[in-house]
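For reference, coords-v9.txt (compact mmCIF, C-alpha atoms and all ligand atoms):
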```txt
# COMPACT_ATOMS: atom_id res chain seq x y z
CA MET A 224 -46.57 1.53 21.12
CA LYS A 225 -43.26 3.37 21.41
CA ASP A 226 -40.59 2.79 18.79
CA ILE A 227 -37.78 0.34 19.36
CA SER A 228 -34.22 1.68 19.26
CA LYS A 229 -33.57 3.63 16.05
CA ILE A 230 -29.98 2.41 15.93
CA ALA A 231 -31.05 -1.22 16.27
CA ALA A 232 -33.94 -0.91 13.82
CA ALA A 233 -31.56 0.43 11.16
CA VAL A 234 -29.30 -2.65 11.31
CA LYS A 235 -29.49 -4.64 8.08
CA THR A 236 -29.13 -8.41 7.95
CA SER A 237 -25.76 -9.83 6.91
CA THR A 238 -25.94 -10.48 3.16
CA THR A 239 -23.31 -13.21 3.39
CA LEU A 240 -25.20 -15.12 6.05
CA LYS A 241 -28.49 -14.49 4.22
CA VAL A 242 -27.19 -16.07 1.01
CA ASP A 243 -25.79 -18.94 3.04
CA ALA A 244 -29.13 -19.55 4.76
CA LEU A 245 -30.98 -19.42 1.42
CA PHE A 246 -28.51 -21.86 -0.13
CA LYS A 247 -28.81 -24.28 2.82
CA GLN A 248 -32.60 -24.07 2.74
CA MET A 249 -32.69 -24.82 -1.00
CA LYS A 250 -30.39 -27.80 -0.44
CA ALA A 251 -32.60 -29.06 2.39
CA ASP A 252 -35.56 -28.74 0.01
CA GLY A 253 -33.81 -31.18 -2.32
CA LYS A 254 -32.64 -28.64 -4.93
CA ASP A 255 -29.35 -29.33 -6.72
CA VAL A 256 -27.86 -25.96 -5.81
CA VAL A 257 -24.16 -24.99 -5.81
CA GLY A 258 -23.06 -22.45 -3.18
CA PHE A 259 -20.25 -19.88 -3.38
CA GLY A 260 -21.79 -17.83 -0.58
CA ALA A 261 -20.44 -17.66 2.95
CA GLY A 262 -16.69 -17.96 3.29
CA GLU A 263 -15.97 -20.91 5.52
CA PRO A 264 -13.39 -23.61 4.81
CA ASP A 265 -14.96 -26.84 3.57
CA PHE A 266 -12.27 -28.76 5.51
CA ASP A 267 -13.02 -30.37 8.84
CA THR A 268 -11.39 -29.07 12.03
CA PRO A 269 -8.14 -31.07 12.50
CA ASP A 270 -8.31 -34.07 14.85
CA ASN A 271 -5.73 -32.83 17.37
CA ILE A 272 -7.95 -29.79 17.98
CA LYS A 273 -11.08 -31.89 18.39
CA GLU A 274 -9.22 -34.22 20.78
CA ALA A 275 -8.23 -31.28 22.97
CA ALA A 276 -11.90 -30.36 23.22
CA TYR A 277 -13.02 -33.92 24.10
CA LYS A 278 -10.32 -34.04 26.76
CA ALA A 279 -11.43 -30.71 28.20
CA ILE A 280 -14.99 -31.98 28.57
CA ARG A 281 -13.87 -35.30 30.10
CA GLU A 282 -11.68 -33.48 32.61
CA GLY A 283 -14.53 -31.22 33.65
CA GLN A 284 -13.14 -27.99 32.22
CA THR A 285 -16.66 -26.74 31.77
CA LYS A 286 -16.88 -23.67 34.03
CA TYR A 287 -16.62 -19.92 33.49
CA THR A 288 -13.19 -18.57 32.57
CA PRO A 289 -11.72 -15.06 32.95
CA VAL A 290 -13.74 -12.69 30.74
CA ASN A 291 -10.84 -11.88 28.41
CA GLY A 292 -9.96 -15.57 27.93
CA ILE A 293 -7.90 -18.23 29.69
CA PRO A 294 -4.26 -17.19 30.28
CA ALA A 295 -3.00 -20.16 28.20
CA LEU A 296 -4.95 -18.96 25.17
CA ARG A 297 -3.92 -15.34 25.53
CA GLN A 298 -0.29 -16.47 25.83
CA ALA A 299 -0.70 -18.75 22.78
CA VAL A 300 -1.94 -15.73 20.80
CA CYS A 301 1.11 -13.71 21.90
CA ASP A 302 3.45 -16.55 20.89
CA ARG A 303 1.82 -16.89 17.47
CA LEU A 304 1.96 -13.14 16.83
CA LYS A 305 5.64 -13.17 17.76
CA ALA A 306 6.46 -16.23 15.63
CA ASP A 307 4.40 -15.26 12.58
CA CYS A 308 4.48 -11.45 12.55
CA ASP A 309 7.43 -10.56 14.82
CA ILE A 310 5.35 -8.40 17.13
CA SER A 311 5.56 -8.57 20.92
CA TYR A 312 2.46 -8.40 23.08
CA ASN A 313 1.85 -9.53 26.62
CA ALA A 314 -1.17 -11.58 27.61
CA ASN A 315 -2.91 -8.54 29.18
CA GLN A 316 -3.14 -6.98 25.73
CA ILE A 317 -5.10 -9.89 24.27
CA VAL A 318 -8.89 -10.13 24.46
CA VAL A 319 -10.57 -13.34 23.35
CA ALA A 320 -14.20 -13.16 22.25
CA SER A 321 -16.87 -15.33 20.62
CA GLY A 322 -15.53 -15.05 17.08
CA ALA A 323 -13.58 -12.27 15.40
CA LYS A 324 -16.89 -10.68 14.41
CA HIS A 325 -17.65 -10.23 18.09
CA ASN A 326 -14.18 -8.75 18.65
CA ILE A 327 -14.87 -6.20 15.92
CA TYR A 328 -18.18 -5.29 17.49
CA ILE A 329 -16.62 -4.90 20.96
CA ALA A 330 -13.64 -2.94 19.62
CA LEU A 331 -15.92 -0.46 17.85
CA GLN A 332 -18.09 -0.11 20.95
CA ALA A 333 -14.94 0.61 22.94
CA LEU A 334 -13.47 3.11 20.46
CA LEU A 335 -16.37 5.15 19.13
CA ASP A 336 -18.55 7.92 20.49
CA PRO A 337 -21.69 9.02 18.63
CA GLY A 338 -20.74 11.07 15.58
CA ASP A 339 -17.21 9.72 15.26
CA GLU A 340 -16.22 8.95 11.68
CA VAL A 341 -14.58 5.73 10.58
CA ILE A 342 -12.81 5.50 7.24
CA LEU A 343 -13.80 2.32 5.49
CA PRO A 344 -12.18 1.36 2.19
CA ALA A 345 -14.66 -0.19 -0.26
CA PRO A 346 -15.19 -2.93 -1.28
CA TYR A 347 -15.52 -3.88 2.40
CA TRP A 348 -16.80 -6.89 4.27
CA VAL A 349 -20.47 -6.20 4.98
CA THR A 350 -20.23 -6.39 8.78
CA TYR A 351 -17.88 -3.42 9.22
CA ALA A 352 -20.36 -0.80 8.02
CA GLU A 353 -23.15 -2.12 10.25
CA ALA A 354 -20.91 -2.55 13.30
CA ILE A 355 -19.71 1.06 12.97
CA MET A 356 -23.32 2.29 12.93
CA MET A 357 -24.28 -0.02 15.80
CA ALA A 358 -21.64 1.83 17.85
CA GLY A 359 -23.13 5.22 16.84
CA GLY A 360 -20.32 5.97 14.38
CA THR A 361 -20.50 7.11 10.76
CA PRO A 362 -18.80 5.08 8.04
CA VAL A 363 -16.93 7.25 5.54
CA ILE A 364 -16.55 5.11 2.47
CA VAL A 365 -13.42 5.51 0.34
CA SER A 366 -13.82 3.53 -2.87
CA ALA A 367 -10.90 1.67 -4.35
CA PRO A 368 -11.44 0.73 -8.00
CA GLU A 369 -10.60 -2.61 -9.56
CA SER A 370 -7.93 -0.84 -11.64
CA ALA A 371 -6.11 -0.06 -8.36
CA ASP A 372 -6.46 -3.69 -7.25
CA PHE A 373 -9.20 -2.49 -4.89
CA LYS A 374 -6.65 -0.77 -2.66
CA ILE A 375 -6.87 2.82 -1.39
CA THR A 376 -3.95 5.21 -1.70
CA LYS A 377 -2.43 7.48 0.90
CA SER A 378 -3.87 10.58 -0.79
CA GLN A 379 -7.37 9.09 -0.99
CA PHE A 380 -7.15 8.22 2.69
CA GLU A 381 -5.89 11.63 3.74
CA ALA A 382 -8.55 13.43 1.68
CA ALA A 383 -11.26 11.62 3.68
CA VAL A 384 -9.88 12.60 7.11
CA THR A 385 -11.85 15.23 9.04
CA GLU A 386 -11.62 16.39 12.63
CA LYS A 387 -14.23 13.76 13.50
CA THR A 388 -12.20 10.85 12.10
CA LYS A 389 -11.30 8.35 14.82
CA LEU A 390 -10.24 5.27 12.98
CA LEU A 391 -9.37 3.45 9.78
CA ILE A 392 -10.58 -0.10 9.21
CA LEU A 393 -8.23 -2.16 7.13
CA ASN A 394 -8.74 -5.79 6.16
CA ASN A 395 -5.52 -7.31 4.89
CA PRO A 396 -5.66 -9.61 2.95
CA SER A 397 -9.17 -8.54 2.10
CA ASN A 398 -12.57 -10.10 2.16
CA PRO A 399 -14.08 -9.65 -0.45
CA THR A 400 -11.27 -8.59 -2.84
CA GLY A 401 -8.51 -11.04 -1.89
CA MET A 402 -5.95 -8.26 -2.35
CA LEU A 403 -2.93 -7.72 -0.12
CA TYR A 404 -1.33 -4.40 0.88
CA SER A 405 2.48 -4.46 0.71
CA LYS A 406 4.65 -3.18 3.54
CA GLU A 407 5.29 0.07 1.64
CA GLU A 408 1.59 0.63 1.01
CA LEU A 409 0.83 0.01 4.68
CA GLN A 410 3.59 2.38 5.75
CA ALA A 411 2.06 5.13 3.62
CA LEU A 412 -1.31 4.64 5.34
CA ALA A 413 0.39 4.46 8.74
CA ASP A 414 2.01 7.86 8.14
CA VAL A 415 -1.46 9.39 7.71
CA CYS A 416 -2.65 7.72 10.92
CA LEU A 417 0.26 9.15 12.87
CA LYS A 418 -0.09 12.62 11.33
CA HIS A 419 -3.81 12.83 12.17
CA ASP A 420 -3.76 10.83 15.42
CA LEU A 421 -5.99 7.99 14.20
CA TYR A 422 -6.53 4.44 15.38
CA VAL A 423 -6.44 1.49 12.98
CA LEU A 424 -8.53 -1.62 13.30
CA SER A 425 -6.48 -4.06 11.26
CA ASP A 426 -8.43 -7.23 10.55
CA GLU A 427 -5.73 -9.76 9.73
CA ILE A 428 -7.83 -12.91 10.06
CA TYR A 429 -6.69 -14.25 6.64
CA TYR A 430 -2.98 -13.50 7.12
CA ARG A 431 -1.88 -17.13 6.75
CA LEU A 432 -3.76 -17.65 3.50
CA LEU A 433 -1.48 -15.97 0.94
CA TYR A 434 -0.60 -17.23 -2.54
CA ASP A 435 2.31 -17.20 -5.01
CA GLY A 436 4.83 -17.03 -2.15
CA ARG A 437 3.65 -13.64 -0.90
CA LYS A 438 4.76 -12.37 2.53
CA PHE A 439 2.53 -10.74 5.10
CA THR A 440 3.24 -7.55 7.06
CA SER A 441 1.13 -6.88 10.12
CA PHE A 442 0.11 -3.24 10.53
CA ALA A 443 1.29 -3.31 14.15
CA SER A 444 4.79 -4.36 13.09
CA LEU A 445 5.45 -0.99 11.41
CA GLY A 446 6.72 0.65 14.62
CA GLU A 447 5.96 1.17 18.30
CA ASP A 448 4.01 4.39 17.71
CA ILE A 449 1.69 2.74 15.17
CA LYS A 450 1.38 -0.41 17.30
CA GLU A 451 -0.03 1.72 20.16
CA ARG A 452 -2.84 2.84 17.81
CA THR A 453 -3.49 -0.52 16.18
CA ILE A 454 -6.08 -3.08 17.17
CA ILE A 455 -5.23 -6.35 15.46
CA VAL A 456 -8.26 -8.57 14.88
CA SER A 457 -7.76 -12.23 14.14
CA GLY A 458 -9.08 -15.65 15.08
CA VAL A 459 -9.06 -19.36 14.47
CA SER A 460 -12.14 -19.64 12.20
CA LYS A 461 -10.42 -19.52 8.82
CA THR A 462 -6.89 -20.76 9.49
CA TYR A 463 -7.89 -23.89 11.39
CA ALA A 464 -11.31 -24.51 9.81
CA MET A 465 -13.01 -23.65 13.13
CA THR A 466 -15.85 -21.33 12.09
CA GLY A 467 -18.37 -23.01 14.40
CA TRP A 468 -16.18 -22.93 17.50
CA ARG A 469 -16.51 -19.15 17.74
CA ILE A 470 -13.11 -17.97 18.93
CA GLY A 471 -11.57 -14.66 17.83
CA TYR A 472 -9.15 -12.28 19.48
CA THR A 473 -7.67 -8.77 19.46
CA ALA A 474 -4.22 -7.48 20.34
CA SER A 475 -4.17 -3.83 21.36
CA SER A 476 -2.96 -1.39 24.00
CA THR A 477 -3.48 -2.62 27.56
CA LYS A 478 -5.90 0.24 28.25
CA LEU A 479 -8.17 -0.60 25.32
CA ALA A 480 -7.97 -4.31 26.20
CA GLU A 481 -9.24 -3.47 29.70
CA VAL A 482 -12.14 -1.44 28.34
CA MET A 483 -13.12 -4.19 25.90
CA SER A 484 -12.87 -6.75 28.68
CA ASN A 485 -15.18 -4.66 30.90
CA TYR A 486 -17.63 -4.46 28.04
CA LEU A 487 -17.55 -8.23 27.59
CA SER A 488 -18.08 -8.76 31.32
CA HIS A 489 -21.57 -7.28 30.92
CA SER A 490 -22.45 -8.81 27.58
CA THR A 491 -21.35 -12.35 26.79
CA SER A 492 -18.75 -12.98 29.56
CA SER A 493 -16.04 -15.32 28.25
CA PRO A 494 -16.46 -17.47 25.14
CA SER A 495 -17.07 -21.22 25.50
CA THR A 496 -14.42 -22.76 27.75
CA ILE A 497 -14.18 -25.86 25.58
CA SER A 498 -13.64 -23.83 22.42
CA GLN A 499 -10.93 -21.80 24.15
CA ILE A 500 -9.05 -24.97 25.08
CA ALA A 501 -9.39 -26.23 21.51
CA ALA A 502 -8.02 -22.90 20.25
CA VAL A 503 -4.93 -23.27 22.48
CA GLU A 504 -4.21 -26.56 20.70
CA ALA A 505 -4.85 -24.92 17.31
CA LEU A 506 -2.36 -22.13 17.97
CA ASN A 507 0.30 -24.18 19.81
CA GLY A 508 -0.06 -27.52 18.00
CA PRO A 509 1.25 -28.61 14.58
CA GLN A 510 0.87 -25.90 11.94
CA GLU A 511 1.61 -27.96 8.80
CA GLY A 512 -2.09 -28.49 8.06
CA ILE A 513 -2.48 -24.78 7.28
CA ASP A 514 -0.06 -24.95 4.39
CA GLU A 515 -1.76 -28.03 2.98
CA MET A 516 -5.11 -26.23 3.08
CA ARG A 517 -3.50 -23.11 1.60
CA LYS A 518 -2.10 -25.08 -1.33
CA VAL A 519 -5.53 -26.52 -2.08
CA PHE A 520 -7.03 -23.01 -2.01
CA GLU A 521 -4.31 -21.82 -4.37
CA GLU A 522 -5.11 -24.54 -6.92
CA ARG A 523 -8.80 -23.75 -6.72
CA ARG A 524 -8.13 -20.03 -7.09
CA ASN A 525 -6.07 -20.66 -10.23
CA TYR A 526 -8.77 -22.82 -11.78
CA LEU A 527 -11.61 -20.46 -10.83
CA CYS A 528 -9.88 -17.35 -12.19
CA GLU A 529 -8.97 -19.12 -15.43
CA ARG A 530 -12.55 -20.20 -15.98
CA ILE A 531 -14.00 -16.76 -15.21
CA ASN A 532 -11.53 -14.94 -17.45
CA ALA A 533 -12.17 -17.37 -20.32
CA MET A 534 -15.89 -16.45 -20.43
CA PRO A 535 -17.16 -13.48 -22.43
CA GLY A 536 -18.91 -10.83 -20.33
CA VAL A 537 -17.25 -11.55 -16.97
CA SER A 538 -13.73 -11.11 -15.61
CA CYS A 539 -11.74 -11.05 -12.38
CA ARG A 540 -8.40 -10.05 -10.90
CA LYS A 541 -6.36 -12.88 -9.46
CA PRO A 542 -6.61 -12.62 -5.66
CA GLU A 543 -3.42 -12.64 -3.60
CA GLY A 544 -4.83 -14.01 -0.36
CA ALA A 545 -7.96 -15.06 1.62
CA PHE A 546 -10.43 -17.21 -0.34
CA TYR A 547 -12.63 -14.86 -2.37
CA VAL A 548 -12.78 -13.65 -5.96
CA MET A 549 -14.57 -10.52 -7.17
CA MET A 550 -16.24 -11.18 -10.50
CA ASN A 551 -16.86 -8.11 -12.67
CA ILE A 552 -20.21 -8.21 -14.53
CA GLU A 553 -20.24 -4.65 -15.93
CA LYS A 554 -20.48 -5.97 -19.49
CA LEU A 555 -23.65 -7.90 -18.66
CA ILE A 556 -25.59 -4.88 -17.41
CA GLY A 557 -28.69 -4.35 -19.54
CA ARG A 558 -28.77 -7.90 -20.86
CA THR A 559 -31.60 -10.35 -20.15
CA LEU A 560 -30.43 -13.49 -18.39
CA GLY A 561 -32.70 -16.21 -17.05
CA GLY A 562 -35.65 -14.07 -18.17
CA VAL A 563 -34.55 -11.11 -16.03
CA VAL A 564 -33.11 -7.77 -17.16
CA ILE A 565 -29.83 -7.40 -15.29
CA ASN A 566 -29.58 -3.86 -13.94
CA ASN A 567 -27.11 -4.60 -11.15
CA SER A 568 -25.39 -7.42 -9.29
CA ASP A 569 -28.42 -8.00 -7.02
CA ASP A 570 -30.48 -8.84 -10.13
CA PHE A 571 -27.74 -11.14 -11.35
CA SER A 572 -27.38 -13.05 -8.08
CA LEU A 573 -31.14 -13.58 -7.74
CA ALA A 574 -31.60 -14.64 -11.38
CA PHE A 575 -28.59 -16.94 -11.29
CA LEU A 576 -29.80 -18.57 -8.09
CA GLU A 577 -33.32 -19.05 -9.39
CA SER A 578 -32.58 -20.28 -12.87
CA GLY A 579 -28.95 -21.40 -12.66
CA LEU A 580 -29.14 -22.82 -9.13
CA VAL A 581 -25.87 -21.19 -8.08
CA ALA A 582 -25.53 -18.95 -5.01
CA LEU A 583 -23.12 -15.99 -5.27
CA VAL A 584 -22.95 -12.91 -3.04
CA SER A 585 -23.85 -9.61 -4.69
CA CYS A 586 -21.29 -6.97 -3.75
CA THR A 587 -23.79 -4.13 -3.36
CA GLY A 588 -23.69 -4.92 0.38
CA PHE A 589 -19.90 -4.53 0.19
CA GLY A 590 -20.12 -0.96 -1.11
CA CYS A 591 -19.40 -1.99 -4.69
CA ASP A 592 -21.82 -2.36 -7.61
CA ASN A 593 -21.57 -4.66 -10.62
CA PHE A 594 -19.44 -7.25 -8.88
CA LEU A 595 -20.25 -10.61 -7.33
CA ARG A 596 -18.17 -12.38 -4.73
CA LEU A 597 -17.36 -16.07 -5.06
CA THR A 598 -15.59 -18.02 -2.37
CA TYR A 599 -13.24 -20.84 -3.28
CA ALA A 600 -13.45 -22.38 0.18
CA VAL A 601 -15.66 -24.97 -1.55
CA SER A 602 -14.69 -28.22 -3.29
CA MET A 603 -13.11 -28.28 -6.75
CA GLU A 604 -16.07 -30.35 -7.87
CA ALA A 605 -18.46 -27.58 -6.82
CA ILE A 606 -16.28 -24.96 -8.51
CA LYS A 607 -16.29 -26.90 -11.80
CA GLU A 608 -20.04 -27.40 -11.68
CA GLY A 609 -20.65 -23.76 -10.74
CA MET A 610 -18.47 -22.52 -13.62
CA ASP A 611 -20.24 -24.83 -16.10
CA ARG A 612 -23.56 -23.40 -14.96
CA LEU A 613 -22.24 -19.86 -15.22
CA GLU A 614 -21.12 -20.52 -18.79
CA GLN A 615 -24.61 -21.75 -19.67
CA PHE A 616 -26.33 -18.90 -17.83
CA ILE A 617 -24.52 -16.05 -19.57
CA LYS A 618 -24.44 -17.67 -23.00
N1 LIG A 701 -13.25 -10.66 9.54
C1 LIG A 701 -13.38 -11.02 8.25
C2 LIG A 701 -12.71 -10.22 7.22
C3 LIG A 701 -14.15 -12.13 7.91
O1 LIG A 701 -14.27 -12.47 6.62
C4 LIG A 701 -14.77 -12.87 8.92
C5 LIG A 701 -15.60 -14.07 8.50
N2 LIG A 701 -16.75 -14.26 9.12
C6 LIG A 701 -14.61 -12.45 10.25
C7 LIG A 701 -13.84 -11.35 10.52
C8 LIG A 701 -15.28 -13.11 11.39
O2 LIG A 701 -14.86 -14.40 11.64
P1 LIG A 701 -15.36 -15.20 12.91
O3 LIG A 701 -16.39 -14.39 13.59
O4 LIG A 701 -15.85 -16.49 12.39
O5 LIG A 701 -14.14 -15.37 13.77
N1 LIG A 702 -16.82 -14.01 6.72
C1 LIG A 702 -17.55 -14.95 5.97
C2 LIG A 702 -18.10 -14.28 4.73
O1 LIG A 702 -17.87 -13.13 4.52
C3 LIG A 702 -18.59 -15.69 6.77
C4 LIG A 702 -19.96 -15.11 6.84
C5 LIG A 702 -20.04 -13.92 7.72
O2 LIG A 702 -19.80 -14.05 8.91
O3 LIG A 702 -20.27 -12.85 7.18
O4 LIG A 702 -18.74 -14.94 3.96
```
What do you get writing this file as structure tokens?
Ligand code: PMP
Ligand code: GLU
Amino acid sequence: MKDISKIAAAVKTSTTLKVDALFKQMKADGKDVVGFGAGEPDFDTPDNIKEAAYKAIREGQTKYTPVNGIPALRQAVCDRLKADCDISYNANQIVVASGAKHNIYIALQALLDPGDEVILPAPYWVTYAEAIMMAGGTPVIVSAPESADFKITKSQFEAAVTEKTKLLILNNPSNPTGMLYSKEELQALADVCLKHDLYVLSDEIYYRLLYDGRKFTSFASLGEDIKERTIIVSGVSKTYAMTGWRIGYTASSTKLAEVMSNYLSHSTSSPSTISQIAAVEALNGPQEGIDEMRKVFEERRNYLCERINAMPGVSCRKPEGAFYVMMNIEKLIGRTLGGVVINNSDDFSLAFLESGLVALVSCTGFGCDNFLRLTYAVSMEAIKEGMDRLEQFIK
């Protein structure tokens, strides 16, 4: 038989979703397992959003919509970007898709030709590297050490640029590191983009989850010239606890929006009509719930970081946004834990899951060894239990 597509066959499974599936299976099997795997808020979708969806179904709003999303949703995205980030877009520049992950996939398909290079700061969210390769591109990994708060510098960025470089992917605040680039740091990266004529895919999906009073700067707000080259990725999954509704969006140049829309018209068509109507309510309705959720995340982050940093052998930086912590296990390398010699973070996550019954994500899939990612989008009770088990495990 002939081979299947080489590009498709090379795609690796998502490590975050794999850990999540394993955790859910163990739970279903009756095991008392604690999960810090996939990042999805443990809160329920707010009632006003659910009501909008029930109403849409009752009123028969159950047909196809325009491929790039209903006008009311695209306008709601523009209004939110204006109110929150002070950037002006018109509804033709917005493309709604079935989750921000799908927007990233479509954007990379629309931007890349085979052989194009994409600069990807590491640690990175696992999907970026695969989505680049799925579009025929080559990820060029630029590693940012923990000592630099996992952020790349202008000179590191510029040193990685070649004549094949098309784009920089930036995730701010970051999954998995939780770190936030300041306006000055972004401006320095933007200067390189302008000098070398590069696009920027700026994934800002966590922009409303910032701690200690920090302020967010959108990459596109740095000036008209950089806005033309920026593709903002965002969505409702994290901010409104709507991961299962599958609504994400991009804001970009009108030309790129058209190309992405054409691409969608032959792949998924529009996302679920009902979810789109719910997302309009999310973006236009009361926003107070976000801050309540954010405050809860901040308390959990404080507790989690304190516990980690009080244990010998592990440590972490205090994240500034999103809902992830990177736990450093360098000091545990070579030790035997749970009957297993720990040579890397994959060994640690497997051993801890098997004998400690706690699911963490190994960061090898994020381009970073000797770290594990924990999400604090789980209950305080689960965090306490997980930390108690960690203490026992590494004793
Ligand atoms: N970007 C980042 C950085 C994420 O962590 C996620 C989480 N899955 C997404 C995009 C995709 O979100 P969704 O597809 O649920 O909108
Ligand atoms: N973004 C979340 C995470 O990184 C959800 C899982 C996924 O889509 O990868 O855990």
**OP:** Kindly indicate which residue among A:Met549, A:Cys308, A:Leu487, A:Ala261 lies nearest to ligand LIG 702 (chain A), using only C-alpha atoms and all ligand atoms for the distances.
**Re:**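 With only C-alpha atoms and all ligand atoms as the atom set, the closest residue is A:Ala261.
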**OP:** Enter the distance from CA of Phe520 in chain A to CA of Thr598 in chain A, in Å, rounded to one decimal.
**Re:**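 Between CA of Phe520 in chain A and CA of Thr598 in chain A the gap works out to 9.9 Å.
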**OP:** Could you please extract the residues within 8 Å of ligand LIG 702 (chain A), counting all atoms listed in the file, and hand them back as a PyMOL selection string?
**Re:** chain A and resi 237-240+243+260-263+324+348-350+398-399+598
Subject >> A:Leu506, A:Ala382, A:Leu391, A:Leu343 ranked by distance to Asp307 in chain A, top pick (using all atoms listed in the file) >> reply: A:Leu506
Original post:
Between A:Gly467, A:Leu335, A:Glu553, A:Pro264, which is the closest to Arg517 in chain A once you count only C-alpha atoms?
Top reply: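 Under the stated criterion, the closest residue is A:Pro264.
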May I have a table of the residues of range 471-495 of chain A lying at most 12 Å from range 439-452 of chain A, giving each one's closest pair of atoms and their distance in Å to one decimal, counting all atoms listed in the file, ordered by chain and ascending residue number, as a Markdown table?
```
| residue | atom | partner | partner_atom | distance |
| --- | --- | --- | --- | --- |
| A:Thr473 | CA | A:Ala443 | CA | 11.8 |
| A:Ala474 | CA | A:Ala443 | CA | 9.3 |
| A:Ser475 | CA | A:Glu451 | CA | 7.0 |
| A:Ser476 | CA | A:Glu451 | CA | 5.7 |
| A:Thr477 | CA | A:Glu451 | CA | 9.2 |
| A:Lys478 | CA | A:Glu451 | CA | 10.1 |
| A:Leu479 | CA | A:Arg452 | CA | 9.8 |
| A:Ala480 | CA | A:Glu451 | CA | 11.7 |
```
**OP:** Kindly provide, as a VMD selection string, all nucleotide and amino acid residues lying within 9 Å of ligand LIG 701 (chain A), counting only C-alpha atoms and all ligand atoms.
**Re:** chain A and resid 239 261 to 263 320 to 327 347 to 351 394 to 399 426 to 429 456 to 461 465 to 472 545
Kindly provide the residues of range 251-303 of chain A that approach range 507-511 of chain A to within 8 Å, each paired with its closest atom pair and their distance in Å to one decimal, based on only C-alpha atoms, listed by chain and increasing number, as JSON lines.
```
{"residue": "A:Asn271", "atom": "CA", "partner": "A:Gly508", "partner_atom": "CA", "distance": 7.8}
{"residue": "A:Ala299", "atom": "CA", "partner": "A:Asn507", "partner_atom": "CA", "distance": 6.3}
{"residue": "A:Arg303", "atom": "CA", "partner": "A:Asn507", "partner_atom": "CA", "distance": 7.8}
```
**OP:** May I ask which of the residues A:Ile293, A:Leu424, A:Cys539, A:Val548 is the closest one to Gly401 in chain A, counting all atoms listed in the file?
**Re:**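 Nearest candidate to Gly401 in chain A out of A:Ile293, A:Leu424, A:Cys539, A:Val548: A:Val548.
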Original post:
Which of these residues is nearest to Gln248 in chain A, using only C-alpha atoms: A:Asp592, A:Glu481, A:Met534, A:Ala582?
Top reply: A:Ala582
Subject >> Interatomic distance, CA of His419 in chain A to CA of Ala354 in chain A (Å, one decimal) >> reply: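 Taking CA of His419 in chain A and CA of Ala354 in chain A, their separation equals 23.0 Å.
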Subject >> Nearest to Thr385 in chain A by atom-to-atom distance, counting only C-alpha atoms, from A:Asp270, A:Asp420, A:Asp309, A:Glu604 >> reply: A:Asp420
**OP:** Between CA of Ile317 in chain A and CA of Gln499 in chain A, measure the distance and give it in Å to one decimal.
**Re:**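 According to the coordinates, CA of Ile317 in chain A and CA of Gln499 in chain A are separated by 13.3 Å.
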Subject >> Long-range neighbours of Ser493 in chain A as a ChimeraX atom specification, 10 Å cut-off, all atoms listed in the file, 3 positions minimum in chain >> reply: /A:287-293,318-321,484,487-488,490,496,499
Subject >> Ref. answer, residues at most 12 Å from (-9.6, 0.9, -8.5) with only C-alpha atoms, as a list of chain:residue names >> reply: A:Pro344, A:Ala345, A:Pro346, A:Val365, A:Ser366, A:Ala367, A:Pro368, A:Glu369, A:Ser370, A:Ala371, A:Asp372, A:Phe373, A:Lys374, A:Ile375, A:Thr376, A:Gln379, A:Thr400, A:Met402, A:Arg540, A:Cys591
**OP:** May I have the residues at most 12 Å from (-14.4, -26.5, -1.2) in the file's coordinates, counting only C-alpha atoms, as a PyMOL selection string?
**Re:** chain A and resi 257-267+464+516-517+519-524+527+546-547+597-609
Original post:
Which neighbours of Met357 in chain A fall inside 7 Å, counting only C-alpha atoms, when residues of the same chain fewer than 2 positions from it are skipped, and could you give them as an MDAnalysis selection string?
Top reply: chainID A and resid 230:231 353:355 359
